[in-house]
>>> print(open('query_32.cif').read())   # mmCIF, C-alpha atoms
data_structure
#
loop_
_atom_site.group_PDB
_atom_site.id
_atom_site.type_symbol
_atom_site.label_atom_id
_atom_site.label_comp_id
_atom_site.auth_asym_id
_atom_site.auth_seq_id
_atom_site.Cartn_x
_atom_site.Cartn_y
_atom_site.Cartn_z
ATOM 1 C CA MET A 1026 32.352 4.819 6.166
ATOM 2 C CA LEU A 1027 28.890 6.239 6.776
ATOM 3 C CA THR A 1028 26.505 4.375 9.043
ATOM 4 C CA PRO A 1029 23.024 4.073 7.572
ATOM 5 C CA SER A 1030 20.290 6.127 9.196
ATOM 6 C CA PRO A 1031 17.926 4.116 11.370
ATOM 7 C CA THR A 1032 14.544 3.197 9.917
ATOM 8 C CA GLN A 1033 11.923 5.421 11.538
ATOM 9 C CA LEU A 1034 8.856 3.610 12.880
ATOM 10 C CA LEU A 1035 5.719 5.406 14.081
ATOM 11 C CA PHE A 1036 3.338 3.370 16.250
ATOM 12 C CA ILE A 1037 -0.298 4.495 16.506
ATOM 13 C CA CYS A 1038 -3.094 3.464 18.870
ATOM 14 C CA SER A 1039 -6.039 5.344 20.373
ATOM 15 C CA GLN A 1040 -4.709 6.980 23.541
ATOM 16 C CA ASN A 1041 -0.915 6.524 23.178
ATOM 17 C CA ARG A 1042 -0.732 5.229 26.732
ATOM 18 C CA TRP A 1043 -0.432 1.430 26.483
ATOM 19 C CA ARG A 1044 -0.016 -0.291 23.106
ATOM 20 C CA SER A 1045 1.832 2.221 20.937
ATOM 21 C CA LEU A 1046 3.900 3.504 23.850
ATOM 22 C CA THR A 1047 4.925 -0.071 24.721
ATOM 23 C CA ALA A 1048 5.918 -0.647 21.088
ATOM 24 C CA GLU A 1049 7.971 2.558 21.107
ATOM 25 C CA ARG A 1050 9.771 1.491 24.301
ATOM 26 C CA LEU A 1051 10.695 -1.889 22.772
ATOM 27 C CA PHE A 1052 12.879 -0.013 20.302
ATOM 28 C CA ASP A 1053 14.743 2.135 22.858
ATOM 29 C CA HIS A 1054 18.453 1.932 21.991
ATOM 30 C CA HIS A 1055 17.865 -0.279 18.918
ATOM 31 C CA PRO A 1056 20.753 0.118 16.444
ATOM 32 C CA LYS A 1057 18.641 -0.125 13.247
ATOM 33 C CA TYR A 1058 15.298 1.412 14.213
ATOM 34 C CA GLU A 1059 14.105 4.630 15.779
ATOM 35 C CA ALA A 1060 10.559 4.634 17.127
ATOM 36 C CA ARG A 1061 7.984 7.189 18.173
ATOM 37 C CA SER A 1062 4.328 6.800 19.069
ATOM 38 C CA ALA A 1063 1.100 8.768 19.038
ATOM 39 C CA GLY A 1064 -2.644 8.330 19.417
ATOM 40 C CA THR A 1065 -5.699 9.159 17.336
ATOM 41 C CA GLU A 1066 -8.079 10.291 20.088
ATOM 42 C CA PRO A 1067 -8.428 13.896 21.354
ATOM 43 C CA GLY A 1068 -7.283 12.847 24.850
ATOM 44 C CA ALA A 1069 -4.201 10.957 23.634
ATOM 45 C CA ARG A 1070 -0.928 11.408 25.536
ATOM 46 C CA VAL A 1071 0.602 12.564 22.214
ATOM 47 C CA ARG A 1072 -1.904 13.133 19.411
ATOM 48 C CA VAL A 1073 -0.801 12.189 15.904
ATOM 49 C CA THR A 1074 -0.069 15.039 13.482
ATOM 50 C CA ALA A 1075 0.989 15.311 9.853
ATOM 51 C CA GLY A 1076 4.475 16.028 11.197
ATOM 52 C CA HIS A 1077 4.639 12.621 12.870
ATOM 53 C CA LEU A 1078 3.618 10.937 9.622
ATOM 54 C CA GLY A 1079 6.147 12.958 7.640
ATOM 55 C CA TRP A 1080 8.932 11.854 9.999
ATOM 56 C CA ALA A 1081 8.126 8.135 9.727
ATOM 57 C CA ASP A 1082 9.397 5.664 7.148
ATOM 58 C CA THR A 1083 6.823 3.082 8.275
ATOM 59 C CA ILE A 1084 3.566 3.716 10.130
ATOM 60 C CA ILE A 1085 2.279 0.860 12.272
ATOM 61 C CA VAL A 1086 -1.241 0.947 13.692
ATOM 62 C CA MET A 1087 -2.752 -1.374 16.269
ATOM 63 C CA GLU A 1088 -6.247 -1.668 14.731
ATOM 64 C CA ARG A 1089 -7.855 -1.083 11.343
ATOM 65 C CA LYS A 1090 -9.833 1.865 12.773
ATOM 66 C CA HIS A 1091 -6.520 3.683 13.335
ATOM 67 C CA ALA A 1092 -5.516 3.165 9.681
ATOM 68 C CA ASP A 1093 -8.959 4.371 8.581
ATOM 69 C CA TYR A 1094 -8.574 7.497 10.734
ATOM 70 C CA LEU A 1095 -5.160 8.279 9.255
ATOM 71 C CA ARG A 1096 -6.395 7.751 5.684
ATOM 72 C CA GLN A 1097 -9.334 10.091 6.290
ATOM 73 C CA LYS A 1098 -7.506 12.815 8.220
ATOM 74 C CA PHE A 1099 -4.033 12.765 6.599
ATOM 75 C CA PRO A 1100 -4.315 11.318 3.068
ATOM 76 C CA ASP A 1101 -1.500 13.476 1.640
ATOM 77 C CA SER A 1102 0.860 12.655 4.526
ATOM 78 C CA LEU A 1103 0.417 8.916 3.900
ATOM 79 C CA ALA A 1104 1.422 9.108 0.227
ATOM 80 C CA GLY A 1105 4.346 6.757 -0.376
ATOM 81 C CA LYS A 1106 4.388 5.532 3.230
ATOM 82 C CA ARG A 1107 4.222 1.919 4.322
ATOM 83 C CA LEU A 1108 1.166 1.461 6.573
ATOM 84 C CA LEU A 1109 0.898 -1.756 8.589
ATOM 85 C CA THR A 1110 -1.909 -2.989 10.848
ATOM 86 C CA LEU A 1111 -0.970 -5.312 13.738
ATOM 87 C CA ARG A 1112 -4.529 -6.267 14.838
ATOM 88 C CA ILE A 1113 -3.791 -5.869 18.550
ATOM 89 C CA PRO A 1114 -6.909 -5.120 20.641
ATOM 90 C CA ASP A 1115 -7.040 -2.491 23.371
ATOM 91 C CA LYS A 1116 -6.920 -4.846 26.346
ATOM 92 C CA PHE A 1117 -3.351 -4.607 27.616
ATOM 93 C CA GLN A 1118 -1.616 -2.361 30.138
ATOM 94 C CA PHE A 1119 1.657 -0.511 29.444
ATOM 95 C CA MET A 1120 4.599 -2.955 29.080
ATOM 96 C CA ASP A 1121 2.357 -6.015 29.661
ATOM 97 C CA HIS A 1122 4.486 -9.096 28.908
ATOM 98 C CA ILE A 1123 1.784 -10.630 26.695
ATOM 99 C CA LEU A 1124 1.546 -7.359 24.772
ATOM 100 C CA GLN A 1125 5.326 -7.288 24.296
ATOM 101 C CA ASP A 1126 5.317 -10.868 22.970
ATOM 102 C CA LEU A 1127 2.395 -10.099 20.656
ATOM 103 C CA LEU A 1128 4.126 -6.978 19.331
ATOM 104 C CA ARG A 1129 7.310 -8.949 18.609
ATOM 105 C CA GLU A 1130 5.355 -11.708 16.847
ATOM 106 C CA ARG A 1131 3.291 -9.352 14.677
ATOM 107 C CA LEU A 1132 6.263 -7.138 13.837
ATOM 108 C CA ARG A 1133 8.208 -10.217 12.687
ATOM 109 C CA GLU A 1134 5.259 -11.125 10.420
ATOM 110 C CA HIS A 1135 5.198 -7.672 8.820
ATOM 111 C CA LEU A 1136 8.847 -6.667 8.755
ATOM 112 C CA GLY A 1137 10.146 -10.118 7.844
ATOM 113 C CA GLU A 1138 12.957 -10.341 10.348
ATOM 114 C CA ASP A 1139 13.620 -10.856 14.013
ATOM 115 C CA ILE A 1140 13.955 -7.197 14.905
ATOM 116 C CA LEU A 1141 13.547 -7.431 18.676
#
>>> encode(input="query_32.cif", output="structure tokens")
Amino acid sequence: MLTPSPTQLLFICSQNRWRSLTAERLFDHHPKYEARSAGTEPGARVRVTAGHLGWADTIIVMERKHADYLRQKFPDSLAGKRLLTLRIPDKFQFMDHILQDLLRERLREHLGEDIL
């Protein structure tokens, strides 16, 4: 019997150092989801490309400005993709416990299940 492929989640923030990287880490070793992360700014740890968007089943941004950036820069790559906005401000450090709780809460709201 074939095991289903994991759902591929791409998390986006500005610098890919705190919020999106924390979200990616929450999914390490998850049986149903595979996660990657990237940033929109020139100095991002990993800067988002059309290839990242092509890989993802669902794209999850931290703020509306990130969704706006993706729509402007990569409109063709977003076609048919689910794009979610979590509304998480840039005020948390990497793996901050409050950030982790907020990510879990918002992801439950959008994905409709207790995934973490």
>>> atom_distance(input="query_32.cif", atom1="CA of Trp1043 in chain A", atom2="CA of Val1073 in chain A")
15.1 Å
>>> atom_distance(input="query_32.cif", atom1="CA of His1091 in chain A", atom2="CA of Leu1035 in chain A")
12.4 Å
>>> closest_residue(input="query_32.cif", among="A:Lys1098, A:Ala1104, A:Thr1032, A:Ser1039", to="Arg1061 in chain A", atoms="only C-alpha atoms")
A:Thr1032
>>> resolve_selection(input="query_32.cif", expression="the PyMOL selection byres ((chain A and resi 1088) around 10)", output="list in words")
Ile1037, Cys1038, Ser1039, Ile1085, Val1086, Met1087, Arg1089, Lys1090, His1091, Ala1092, Asp1093, Leu1109, Thr1110, Leu1111, Arg1112, Ile1113, Pro1114 and Asp1115 of chain A
>>> resolve_selection(input="query_32.cif", expression="the PyMOL selection byres ((chain A and resi 1058) around 10)", output="list in words")
Ser1030, Pro1031, Thr1032, Gln1033, Leu1034, Phe1052, Asp1053, His1054, His1055, Pro1056, Lys1057, Glu1059, Ala1060 and Ile1140 of chain A
>>> write_last_selection(input="query_32.cif", atoms="C-alpha atoms", output="PDB file, keeping the file's coordinate frame")
ATOM      1  CA  SER A1030      20.290   6.127   9.196  1.00  0.00           C
ATOM      2  CA  PRO A1031      17.926   4.116  11.370  1.00  0.00           C
ATOM      3  CA  THR A1032      14.544   3.197   9.917  1.00  0.00           C
ATOM      4  CA  GLN A1033      11.923   5.421  11.538  1.00  0.00           C
ATOM      5  CA  LEU A1034       8.856   3.610  12.880  1.00  0.00           C
ATOM      6  CA  PHE A1052      12.879  -0.013  20.302  1.00  0.00           C
ATOM      7  CA  ASP A1053      14.743   2.135  22.858  1.00  0.00           C
ATOM      8  CA  HIS A1054      18.453   1.932  21.991  1.00  0.00           C
ATOM      9  CA  HIS A1055      17.865  -0.279  18.918  1.00  0.00           C
ATOM     10  CA  PRO A1056      20.753   0.118  16.444  1.00  0.00           C
ATOM     11  CA  LYS A1057      18.641  -0.125  13.247  1.00  0.00           C
ATOM     12  CA  GLU A1059      14.105   4.630  15.779  1.00  0.00           C
ATOM     13  CA  ALA A1060      10.559   4.634  17.127  1.00  0.00           C
ATOM     14  CA  ILE A1140      13.955  -7.197  14.905  1.00  0.00           C
TER      15      ILE A1140
END
>>> residues_around(input="query_32.cif", residues="range 1076-1079 of chain A", least_positions_apart="3", cutoff="9 Å", atoms="only C-alpha atoms", output="list in words")
Leu1035, Arg1061, Ser1062, Ala1063, Val1073, Asp1082, Thr1083, Ile1084, Phe1099, Ser1102, Leu1103 and Lys1106 of chain A
>>> resolve_selection(input="query_32.cif", expression="the PyMOL selection byres ((chain A and resi 1071) around 9)", output="list of chain:residue names")
A:Gln1040, A:Asn1041, A:Arg1042, A:Ser1062, A:Ala1063, A:Gly1064, A:Thr1065, A:Gly1068, A:Ala1069, A:Arg1070, A:Arg1072, A:Val1073
>>> atom_distance(input="query_32.cif", atom1="CA of Pro1029 in chain A", atom2="CA of Leu1051 in chain A")
20.5 Å
>>> residues_around(input="query_32.cif", residues="Gln1125 in chain A", least_positions_apart="2", cutoff="10 Å", atoms="all atoms listed in the file", output="list in words")
Arg1044, Thr1047, Ala1048, Arg1050, Leu1051, Phe1117, Phe1119, Met1120, Asp1121, His1122, Ile1123, Leu1127, Leu1128, Arg1129, Glu1130 and Leu1141 of chain A
>>> write_last_selection(input="query_32.cif", atoms="C-alpha atoms", output="mmCIF file, keeping the file's coordinate frame")
data_model
loop_
_atom_site.group_PDB
_atom_site.id
_atom_site.type_symbol
_atom_site.label_atom_id
_atom_site.label_comp_id
_atom_site.auth_asym_id
_atom_site.auth_seq_id
_atom_site.Cartn_x
_atom_site.Cartn_y
_atom_site.Cartn_z
ATOM 1 C CA ARG A 1044 -0.016 -0.291 23.106
ATOM 2 C CA THR A 1047 4.925 -0.071 24.721
ATOM 3 C CA ALA A 1048 5.918 -0.647 21.088
ATOM 4 C CA ARG A 1050 9.771 1.491 24.301
ATOM 5 C CA LEU A 1051 10.695 -1.889 22.772
ATOM 6 C CA PHE A 1117 -3.351 -4.607 27.616
ATOM 7 C CA PHE A 1119 1.657 -0.511 29.444
ATOM 8 C CA MET A 1120 4.599 -2.955 29.080
ATOM 9 C CA ASP A 1121 2.357 -6.015 29.661
ATOM 10 C CA HIS A 1122 4.486 -9.096 28.908
ATOM 11 C CA ILE A 1123 1.784 -10.630 26.695
ATOM 12 C CA LEU A 1127 2.395 -10.099 20.656
ATOM 13 C CA LEU A 1128 4.126 -6.978 19.331
ATOM 14 C CA ARG A 1129 7.310 -8.949 18.609
ATOM 15 C CA GLU A 1130 5.355 -11.708 16.847
ATOM 16 C CA LEU A 1141 13.547 -7.431 18.676
#
>>> closest_residue(input="query_32.cif", among="A:Pro1100, A:Phe1036, A:Glu1134, A:Gln1118", to="Trp1080 in chain A", atoms="all atoms listed in the file")
A:Phe1036
